[in-house]
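Pasted below: final.txt, compact mmCIF, C-alpha atoms.
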```txt
# COMPACT_ATOMS: atom_id res chain seq x y z
CA MET S 1 24.93 10.37 -68.13
CA GLU S 2 24.43 12.26 -71.39
CA LEU S 3 27.20 14.45 -72.77
CA THR S 4 24.96 17.51 -72.64
CA THR S 5 24.48 17.00 -68.91
CA ILE S 6 28.21 16.46 -68.39
CA TRP S 7 29.00 19.73 -70.13
CA PHE S 8 26.31 21.59 -68.25
CA ILE S 9 27.94 20.38 -65.02
CA LEU S 10 31.43 21.28 -66.23
CA ILE S 11 30.32 24.80 -67.17
CA ALA S 12 28.71 25.17 -63.75
CA VAL S 13 32.01 24.11 -62.14
CA LEU S 14 33.90 26.71 -64.19
CA TRP S 15 31.54 29.48 -63.09
CA VAL S 16 31.80 28.33 -59.48
CA GLY S 17 35.59 28.49 -59.70
CA TYR S 18 35.47 31.91 -61.31
CA PHE S 19 33.18 33.49 -58.72
CA CYS S 20 35.01 31.94 -55.76
CA LEU S 21 38.48 32.96 -56.94
CA GLU S 22 37.88 36.16 -58.86
CA GLY S 23 35.30 37.20 -56.27
CA PHE S 24 37.93 38.05 -53.67
CA ASP S 25 39.98 39.87 -56.34
CA TYR S 26 36.99 42.09 -57.03
CA GLY S 27 36.50 42.63 -53.32
CA VAL S 28 40.12 43.64 -52.73
CA GLY S 29 40.00 46.01 -55.70
CA MET S 30 36.84 47.74 -54.47
CA LEU S 31 38.25 48.07 -50.96
CA LEU S 32 41.45 49.88 -51.99
CA PRO S 33 40.19 53.35 -50.98
CA VAL S 34 38.53 51.99 -47.82
CA LEU S 35 41.34 49.93 -46.32
CA GLY S 36 44.19 51.73 -48.08
CA ARG S 37 44.23 54.79 -45.87
CA ASP S 38 46.98 56.31 -43.73
CA GLU S 39 47.46 54.97 -40.22
CA THR S 40 50.13 54.79 -37.55
CA GLU S 41 50.72 51.53 -35.76
CA GLY S 42 52.99 51.87 -32.75
CA GLU S 43 56.30 53.34 -33.86
CA ALA S 44 56.07 52.03 -37.41
CA PRO S 45 54.24 54.36 -39.79
CA HIS S 46 52.11 52.56 -42.36
CA THR S 47 51.03 54.99 -45.05
CA GLY S 48 47.99 54.44 -47.19
CA GLU S 49 50.34 53.60 -50.07
CA THR S 50 51.96 50.86 -48.00
CA ARG S 51 48.57 49.37 -47.14
CA LYS S 52 47.45 49.51 -50.76
CA ARG S 53 50.61 47.78 -51.87
CA GLN S 54 50.06 45.09 -49.26
CA MET S 55 46.58 44.51 -50.64
CA LEU S 56 47.68 44.52 -54.26
CA SER S 57 50.68 42.31 -53.55
CA ALA S 58 48.32 39.83 -51.88
CA ILE S 59 46.37 39.37 -55.14
CA GLY S 60 49.35 40.01 -57.43
CA PRO S 61 50.20 36.34 -58.09
CA PHE S 62 46.56 35.31 -58.58
CA TRP S 63 44.30 37.85 -60.28
CA ASP S 64 45.22 37.20 -63.91
CA GLY S 65 45.15 33.44 -63.40
CA ASN S 66 41.71 33.71 -61.83
CA GLU S 67 40.40 35.34 -64.99
CA VAL S 68 41.28 32.18 -66.93
CA TRP S 69 38.20 30.58 -65.35
CA LEU S 70 36.00 33.18 -67.06
CA LEU S 71 37.67 32.68 -70.44
CA THR S 72 37.34 28.93 -70.12
CA ALA S 73 33.68 29.16 -69.09
CA GLY S 74 32.88 31.42 -72.03
CA GLY S 75 34.76 29.16 -74.43
CA ALA S 76 33.01 26.08 -73.09
CA ILE S 77 29.57 27.65 -73.59
CA PHE S 78 30.53 28.68 -77.13
CA ALA S 79 31.69 25.19 -78.09
CA ALA S 80 29.23 23.02 -76.15
CA PHE S 81 26.07 25.16 -76.35
CA PRO S 82 26.38 27.52 -79.35
CA HIS S 83 22.69 28.54 -79.29
CA TRP S 84 23.02 29.47 -75.61
CA TYR S 85 26.15 31.48 -76.39
CA ALA S 86 24.50 33.29 -79.32
CA THR S 87 21.35 34.21 -77.42
CA LEU S 88 23.23 35.19 -74.28
CA PHE S 89 25.78 37.41 -75.97
CA SER S 90 23.28 39.08 -78.27
CA GLY S 91 20.63 39.67 -75.61
CA PHE S 92 23.07 40.64 -72.86
CA TYR S 93 25.36 42.56 -75.20
CA LEU S 94 25.50 45.87 -73.29
CA PRO S 95 25.95 44.40 -69.77
CA LEU S 96 28.63 42.01 -71.04
CA LEU S 97 30.35 44.87 -72.87
CA LEU S 98 30.37 46.90 -69.65
CA ILE S 99 31.86 43.93 -67.81
CA LEU S 100 34.55 43.61 -70.49
CA VAL S 101 35.38 47.32 -70.26
CA GLY S 102 35.56 46.96 -66.47
CA LEU S 103 37.95 44.02 -66.74
CA ILE S 104 40.15 45.97 -69.16
CA LEU S 105 40.26 49.00 -66.86
CA ARG S 106 41.07 46.79 -63.89
CA GLY S 107 43.83 44.96 -65.72
CA VAL S 108 45.42 48.19 -66.94
CA GLY S 109 45.24 49.69 -63.46
CA LEU S 110 46.90 46.68 -61.86
CA GLU S 111 49.60 46.29 -64.49
CA TYR S 112 50.53 49.95 -64.92
CA ARG S 113 50.07 51.29 -61.41
CA GLY S 114 53.78 51.17 -60.64
CA LYS S 115 55.09 52.29 -64.02
CA VAL S 116 55.19 55.98 -63.05
CA ASP S 117 56.41 57.22 -59.66
CA SER S 118 53.66 59.79 -59.19
CA PRO S 119 50.87 59.94 -56.59
CA ALA S 120 48.49 61.38 -59.19
CA TRP S 121 49.24 58.53 -61.59
CA ARG S 122 48.71 55.92 -58.90
CA ALA S 123 45.45 57.59 -57.87
CA ARG S 124 44.16 57.31 -61.44
CA MET S 125 45.22 53.67 -61.66
CA ASP S 126 43.56 52.96 -58.30
CA ALA S 127 40.32 54.50 -59.58
CA MET S 128 40.48 52.21 -62.62
CA VAL S 129 40.96 49.19 -60.35
CA VAL S 130 38.01 50.21 -58.17
CA VAL S 131 35.66 50.85 -61.09
CA GLY S 132 36.89 47.78 -62.95
CA SER S 133 36.15 45.64 -59.91
CA PHE S 134 32.80 47.24 -59.05
CA VAL S 135 31.18 46.90 -62.48
CA PRO S 136 31.65 43.11 -62.93
CA ALA S 137 30.84 42.40 -59.28
CA LEU S 138 27.48 44.14 -59.71
CA LEU S 139 26.57 43.07 -63.24
CA TRP S 140 27.36 39.36 -62.89
CA GLY S 141 24.67 39.16 -60.23
CA VAL S 142 22.24 41.00 -62.51
CA ALA S 143 23.07 38.71 -65.43
CA PHE S 144 22.73 35.42 -63.57
CA THR S 145 19.48 36.49 -61.93
CA ASN S 146 18.01 37.11 -65.38
CA ILE S 147 19.35 33.82 -66.72
CA VAL S 148 17.71 31.84 -63.91
CA LEU S 149 14.39 33.72 -63.86
CA GLY S 150 14.06 33.82 -67.63
CA VAL S 151 14.14 36.54 -70.28
CA PRO S 152 12.05 37.27 -73.41
CA ILE S 153 13.11 34.61 -75.94
CA ASP S 154 11.01 33.86 -79.00
CA ALA S 155 10.46 30.66 -80.97
CA ASP S 156 13.65 31.31 -82.99
CA MET S 157 15.82 31.22 -79.83
CA GLU S 158 16.38 34.98 -80.07
CA TYR S 159 16.27 37.52 -77.25
CA VAL S 160 13.54 40.06 -78.05
CA GLY S 161 13.76 42.28 -74.97
CA GLY S 162 15.77 45.43 -74.37
CA PHE S 163 18.45 46.53 -71.94
CA TRP S 164 15.93 47.79 -69.39
CA ASN S 165 14.26 44.37 -69.29
CA LEU S 166 17.40 43.15 -67.54
CA LEU S 167 17.21 45.70 -64.71
CA GLY S 168 14.18 44.51 -62.77
CA PRO S 169 14.03 44.71 -58.97
CA VAL S 170 15.06 41.08 -58.43
CA ALA S 171 17.95 41.42 -60.90
CA LEU S 172 19.23 44.53 -59.11
CA LEU S 173 18.89 42.68 -55.82
CA GLY S 174 21.06 39.95 -57.33
CA GLY S 175 23.65 42.52 -58.33
CA LEU S 176 23.75 44.00 -54.82
CA THR S 177 24.06 40.50 -53.37
CA THR S 178 27.08 39.51 -55.46
CA LEU S 179 28.59 42.93 -54.83
CA THR S 180 28.40 42.63 -51.04
CA LEU S 181 29.40 38.95 -51.06
CA PHE S 182 32.54 39.76 -53.06
CA LEU S 183 33.32 42.70 -50.78
CA THR S 184 33.07 40.39 -47.75
CA HIS S 185 35.11 37.71 -49.50
CA GLY S 186 37.77 40.26 -50.43
CA ALA S 187 37.96 41.76 -46.94
CA LEU S 188 38.49 38.31 -45.46
CA PHE S 189 41.18 37.58 -48.04
CA VAL S 190 42.99 40.76 -46.98
CA ALA S 191 42.66 39.70 -43.34
CA LEU S 192 44.01 36.26 -44.22
CA LYS S 193 46.95 37.47 -46.32
CA THR S 194 48.22 40.58 -44.49
CA ASP S 195 49.39 41.52 -41.01
CA GLY S 196 49.34 44.42 -38.59
CA ARG S 197 46.55 46.93 -38.34
CA LEU S 198 45.43 46.25 -41.91
CA ARG S 199 44.61 42.68 -40.97
CA HIS S 200 42.41 43.74 -38.05
CA ASP S 201 40.71 46.53 -39.99
CA ALA S 202 39.88 44.13 -42.82
CA ARG S 203 38.43 41.55 -40.44
CA ALA S 204 36.27 44.15 -38.69
CA LEU S 205 35.03 45.46 -42.03
CA ALA S 206 34.26 41.93 -43.22
CA LEU S 207 31.93 41.43 -40.26
CA ARG S 208 29.94 44.54 -41.13
CA LEU S 209 29.83 43.74 -44.83
CA GLY S 210 29.02 40.11 -44.10
CA ALA S 211 25.94 41.00 -42.10
CA ALA S 212 24.57 43.01 -45.03
CA SER S 213 25.47 40.32 -47.57
CA ALA S 214 23.80 37.61 -45.47
CA VAL S 215 20.49 39.50 -45.42
CA LEU S 216 20.64 40.23 -49.14
CA ALA S 217 21.69 36.68 -50.03
CA VAL S 218 18.85 35.07 -48.07
CA LEU S 219 16.31 37.40 -49.68
CA TRP S 220 17.74 36.95 -53.19
CA LEU S 221 18.13 33.17 -53.09
CA GLY S 222 14.72 32.84 -51.45
CA ILE S 223 13.00 34.74 -54.26
CA LEU S 224 14.84 32.80 -56.98
CA HIS S 225 14.17 29.38 -55.50
CA VAL S 226 10.54 30.12 -54.73
CA ARG S 227 10.07 30.88 -58.43
CA THR S 228 12.28 28.26 -60.06
CA GLY S 229 13.89 26.14 -57.37
CA THR S 230 13.96 22.40 -56.81
CA THR S 231 14.43 20.38 -53.65
CA ALA S 232 18.13 19.99 -54.44
CA SER S 233 18.62 23.71 -55.12
CA TRP S 234 16.86 24.62 -51.86
CA LEU S 235 19.09 22.27 -49.88
CA VAL S 236 22.28 23.58 -51.47
CA ALA S 237 21.18 27.19 -50.96
CA GLY S 238 20.52 26.43 -47.29
CA VAL S 239 24.02 25.00 -46.84
CA ALA S 240 25.41 28.08 -48.61
CA ALA S 241 23.67 30.32 -46.07
CA ALA S 242 25.06 28.20 -43.24
CA GLY S 243 28.56 28.50 -44.73
CA LEU S 244 28.31 32.28 -44.81
CA VAL S 245 27.08 32.47 -41.21
CA GLY S 246 29.83 30.06 -40.13
CA GLY S 247 32.43 32.16 -41.89
CA LEU S 248 31.27 35.31 -40.13
CA LEU S 249 31.32 33.57 -36.76
CA ALA S 250 34.88 32.40 -37.46
CA ALA S 251 35.87 35.96 -38.41
CA ALA S 252 34.45 37.27 -35.15
CA ARG S 253 36.74 34.82 -33.31
CA GLY S 254 39.80 35.86 -35.34
CA ARG S 255 39.97 32.66 -37.40
CA GLU S 256 40.63 34.19 -40.82
CA GLY S 257 41.36 30.88 -42.53
CA TRP S 258 38.02 29.36 -41.53
CA ALA S 259 36.26 32.64 -42.22
CA PHE S 260 37.57 32.79 -45.78
CA THR S 261 36.67 29.13 -46.23
CA GLY S 262 33.13 29.97 -45.10
CA THR S 263 32.63 32.69 -47.71
CA PHE S 264 34.30 30.51 -50.34
CA VAL S 265 31.85 27.69 -49.61
CA ALA S 266 28.91 30.12 -49.51
CA ILE S 267 29.71 31.57 -52.94
CA ALA S 268 30.40 28.12 -54.40
CA LEU S 269 27.17 26.59 -53.16
CA ALA S 270 25.04 29.66 -53.93
CA THR S 271 26.27 29.49 -57.54
CA THR S 272 25.68 25.74 -57.61
CA SER S 273 22.12 26.26 -56.40
CA LEU S 274 21.48 28.61 -59.32
CA PHE S 275 22.56 26.00 -61.83
CA LEU S 276 20.48 23.35 -60.06
CA ALA S 277 17.45 25.63 -60.29
CA LEU S 278 18.21 26.31 -63.95
CA PHE S 279 18.68 22.74 -65.23
CA PRO S 280 17.60 21.35 -67.71
CA ASP S 281 17.15 24.85 -69.14
CA VAL S 282 20.13 27.02 -69.95
CA MET S 283 18.08 30.15 -70.70
CA PRO S 284 14.36 29.96 -69.86
CA SER S 285 11.93 31.98 -71.94
CA SER S 286 9.63 34.29 -70.01
CA LEU S 287 7.28 34.41 -73.03
CA ASP S 288 6.59 30.69 -73.42
CA PRO S 289 8.29 27.78 -71.61
CA ALA S 290 8.25 25.86 -74.90
CA TRP S 291 10.64 28.45 -76.35
CA SER S 292 13.23 28.02 -73.60
CA LEU S 293 16.78 27.06 -74.48
CA THR S 294 17.60 23.72 -72.88
CA ALA S 295 20.75 21.66 -72.56
CA GLU S 296 19.40 19.52 -75.40
CA ASN S 297 18.17 22.01 -78.00
CA ALA S 298 21.03 24.49 -77.46
CA SER S 299 23.89 21.98 -77.65
CA SER S 300 26.46 21.09 -80.27
CA SER S 301 26.48 17.73 -82.01
CA GLN S 302 27.34 14.58 -80.09
CA LYS S 303 30.57 14.26 -82.07
CA THR S 304 31.66 17.75 -81.06
CA LEU S 305 30.79 17.11 -77.42
CA GLY S 306 32.67 13.80 -77.52
CA ILE S 307 35.85 15.44 -78.83
CA MET S 308 35.54 18.23 -76.27
CA THR S 309 35.13 15.71 -73.47
CA VAL S 310 38.42 14.03 -74.35
CA VAL S 311 40.19 17.41 -74.42
CA ALA S 312 38.62 18.42 -71.09
CA LEU S 313 39.74 15.18 -69.46
CA VAL S 314 43.32 16.09 -70.34
CA PHE S 315 43.44 19.82 -69.63
CA THR S 316 41.02 20.28 -66.72
CA PRO S 317 43.26 18.44 -64.21
CA VAL S 318 46.23 20.48 -65.46
CA MET S 319 44.39 23.75 -64.81
CA LEU S 320 43.29 22.59 -61.36
CA LEU S 321 46.79 21.43 -60.41
CA TYR S 322 48.38 24.67 -61.57
CA THR S 323 45.82 26.74 -59.67
CA ALA S 324 46.37 24.71 -56.52
CA TRP S 325 50.15 24.99 -56.85
CA SER S 326 50.07 28.77 -57.32
CA TYR S 327 47.97 29.27 -54.20
CA TRP S 328 50.25 26.96 -52.22
CA ALA S 329 53.42 28.70 -53.41
CA PHE S 330 52.09 32.15 -52.35
CA ARG S 331 50.25 31.01 -49.25
CA LYS S 332 51.95 33.17 -46.61
CA ARG S 333 51.06 36.65 -45.43
CA VAL S 334 52.28 39.86 -47.06
CA SER S 335 53.92 41.95 -44.36
CA GLY S 336 53.83 45.72 -44.47
CA HIS S 337 57.28 45.83 -42.87
CA HIS S 338 58.77 44.31 -46.03
CA ILE S 339 57.44 47.14 -48.20
CA PRO S 340 59.85 50.11 -48.21
CA THR S 341 58.34 53.51 -47.49
CA GLY S 342 59.17 56.68 -49.36
CA VAL S 343 60.18 54.97 -52.59
CA HIS S 344 57.79 53.37 -55.04
CA HIS S 345 58.99 50.14 -56.58
CA ALA S 346 57.86 48.21 -59.65
CA ALA S 347 54.41 47.24 -60.74
CA VAL S 348 51.86 45.10 -58.99
CA VAL S 349 53.02 42.07 -60.93
CA ASP S 350 56.52 42.59 -59.56
CA GLY S 351 54.97 43.26 -56.17
CA GLY S 352 53.31 39.86 -56.30
CA GLU S 353 56.60 38.18 -57.15
CA ARG S 354 58.39 40.13 -54.41
CA ALA S 355 55.69 39.17 -51.94
CA GLY S 356 56.57 35.54 -52.45
CA ALA S 357 60.22 36.29 -51.67
CA ASP S 358 59.33 38.37 -48.62
CA ARG S 359 57.36 35.51 -47.15
```

As structure tokens, the full file:
Amino acid sequence: MELTTIWFILIAVLWVGYFCLEGFDYGVGMLLPVLGRDETEGEAPHTGETRKRQMLSAIGPFWDGNEVWLLTAGGAIFAAFPHWYATLFSGFYLPLLLILVGLILRGVGLEYRGKVDSPAWRARMDAMVVVGSFVPALLWGVAFTNIVLGVPIDADMEYVGGFWNLLGPVALLGGLTTLTLFLTHGALFVALKTDGRLRHDARALALRLGAASAVLAVLWLGILHVRTGTTASWLVAGVAAAGLVGGLLAAARGREGWAFTGTFVAIALATTSLFLALFPDVMPSSLDPAWSLTAENASSSQKTLGIMTVVALVFTPVMLLYTAWSYWAFRKRVSGHHIPTGVHHAAVVDGGERAGADR
């Protein structure tokens, strides 16, 4: 197998990991105002603040580590396929800038939410988390739809379109699909990682969101694969749809673990199908197929790819082992009964650490 193909596969794996792991983070962030509302369960009052802190403590140990997958994917594209990186970041400059701003807002909201004991302060930080989760969840779908379908690229490997070229009907459909998939994924993560009424509310919401995401996903993947798909991409997309349906059926039966696995598999295989439909191109040209960026003409030298391969063989297993360990160490549920009411404690990061002790 050629080194260009190996690195195309590795980059696909990094994006799969990013969407599967950061996807539920985005979903939890967007659902803060929906699931984080006041309620009374039996004799134990669970305020909206308690529910929000349950949700944020559930992702506290993971969210910043999940973003490493994005940084690694971007770095891998830069080093392995510099022409792809240059064309992508120049042509998609505004959407990628909006995603970056969203990630900054989200990170600030999560880190500083507990620094001031004020409801108004926490409300502002919550709004930053919601917006910072919504923008990437929507725009990543828009971006990848355009990458797979093709964008205006000339003979010099330069993007010659404008911002509005990226907002076609199919691209917006892709954005709505990733948005609803991540919302479903996040709701199931909340159901898997919390207890009490919040757990049941999250599972019920996931079923409603999942029905919408299933319709959108079938329509979106169908359009993409009709235009650019291969036999392999069709098969993988079909299994992705089956995984989503299976996850929703498991959620309906109260099996949160299997339900979350179903959405995880669905997102992983849907992303995989996009890369299968894309290969051997990395950015097709909608002006002339001969001007498309491919894994061959957009790649670095063989020497560079060889050195990178050695480095990846060393550090990729380390990253995977650390990720697996962190999820195992914080695998238990976050109980609302362990979160004191009436007094606001520490930041979300501390909440994540405390959640591990509470379990």

Atom CA of S:Tyr327 to atom CA of S:Ile104, distance in Å rounded to a single decimal: 23.7 Å

Straight-line distance linking atom CA of S:Phe275 with atom CA of S:Val151, stated in Å to one decimal: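 Those two atoms sit 15.9 Å apart.
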
6 Å contact set for stretch 23-27 of chain S, all atoms listed in the file, chain neighbours under 5 positions out, as a compact mmCIF listing (two decimals) with C-alpha atoms, in the frame of the given file:
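result_10.txt was written with the following content:
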```txt
# COMPACT_ATOMS: atom_id res chain seq x y z
CA SER S 133 36.15 45.64 -59.91
CA PHE S 182 32.54 39.76 -53.06
CA LEU S 183 33.32 42.70 -50.78
CA HIS S 185 35.11 37.71 -49.50
CA GLY S 186 37.77 40.26 -50.43
```

Straight-line distance linking atom CA of S:Gly132 with atom CA of S:Thr145, stated in Å to one decimal: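 That distance, rounded to one decimal, is 20.8 Å.
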
Selected residue of minimal separation from S:His83 among S:Leu179, S:Leu248, S:Gly243, S:Asp156, counting only C-alpha atoms: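 Smallest distance to S:His83 is found for S:Asp156.
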
Contacts of S:Thr271 at 8 Å (all atoms listed in the file; same-chain gap of 6+ positions) as an MDAnalysis selection string: chainID S and resid 12 15:16

I want to know what sits within 10 Å of S:Gly65, based on all atoms listed in the file, with residues of the same chain fewer than 4 positions away left out; could you give that as a CSV table (one decimal) with C-alpha atoms, in the frame of the given file?
```
chain,number,residue,atom,x,y,z
S,21,LEU,CA,38.5,33.0,-56.9
S,22,GLU,CA,37.9,36.2,-58.9
S,60,GLY,CA,49.4,40.0,-57.4
S,61,PRO,CA,50.2,36.3,-58.1
S,69,TRP,CA,38.2,30.6,-65.4
S,70,LEU,CA,36.0,33.2,-67.1
S,319,MET,CA,44.4,23.8,-64.8
S,322,TYR,CA,48.4,24.7,-61.6
S,323,THR,CA,45.8,26.7,-59.7
S,326,SER,CA,50.1,28.8,-57.3
```

Distance query S:Gly91 at most 12 Å, only C-alpha atoms, self and fewer than 3 positions along chain excluded, as a ChimeraX atom specification: /S:83-88,94-97,143,146-147,150-154,157-166,283

Write the residues of the selection above to a file with C-alpha atoms, as an mmCIF file, in the frame of the given file.
```cif
data_model
loop_
_atom_site.group_PDB
_atom_site.id
_atom_site.type_symbol
_atom_site.label_atom_id
_atom_site.label_comp_id
_atom_site.auth_asym_id
_atom_site.auth_seq_id
_atom_site.Cartn_x
_atom_site.Cartn_y
_atom_site.Cartn_z
ATOM 1 C CA HIS S 83 22.690 28.540 -79.290
ATOM 2 C CA TRP S 84 23.020 29.470 -75.610
ATOM 3 C CA TYR S 85 26.150 31.480 -76.390
ATOM 4 C CA ALA S 86 24.500 33.290 -79.320
ATOM 5 C CA THR S 87 21.350 34.210 -77.420
ATOM 6 C CA LEU S 88 23.230 35.190 -74.280
ATOM 7 C CA LEU S 94 25.500 45.870 -73.290
ATOM 8 C CA PRO S 95 25.950 44.400 -69.770
ATOM 9 C CA LEU S 96 28.630 42.010 -71.040
ATOM 10 C CA LEU S 97 30.350 44.870 -72.870
ATOM 11 C CA ALA S 143 23.070 38.710 -65.430
ATOM 12 C CA ASN S 146 18.010 37.110 -65.380
ATOM 13 C CA ILE S 147 19.350 33.820 -66.720
ATOM 14 C CA GLY S 150 14.060 33.820 -67.630
ATOM 15 C CA VAL S 151 14.140 36.540 -70.280
ATOM 16 C CA PRO S 152 12.050 37.270 -73.410
ATOM 17 C CA ILE S 153 13.110 34.610 -75.940
ATOM 18 C CA ASP S 154 11.010 33.860 -79.000
ATOM 19 C CA MET S 157 15.820 31.220 -79.830
ATOM 20 C CA GLU S 158 16.380 34.980 -80.070
ATOM 21 C CA TYR S 159 16.270 37.520 -77.250
ATOM 22 C CA VAL S 160 13.540 40.060 -78.050
ATOM 23 C CA GLY S 161 13.760 42.280 -74.970
ATOM 24 C CA GLY S 162 15.770 45.430 -74.370
ATOM 25 C CA PHE S 163 18.450 46.530 -71.940
ATOM 26 C CA TRP S 164 15.930 47.790 -69.390
ATOM 27 C CA ASN S 165 14.260 44.370 -69.290
ATOM 28 C CA LEU S 166 17.400 43.150 -67.540
ATOM 29 C CA MET S 283 18.080 30.150 -70.700
#
```

Neighbour list for stretch 211-222 of chain S as a list in words, cut-off 6 Å, all atoms listed in the file, skip fewer than 6 positions in-chain: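 Final neighbour list, sorted by chain and number: Thr177, Thr180 and Leu181 of chain S.
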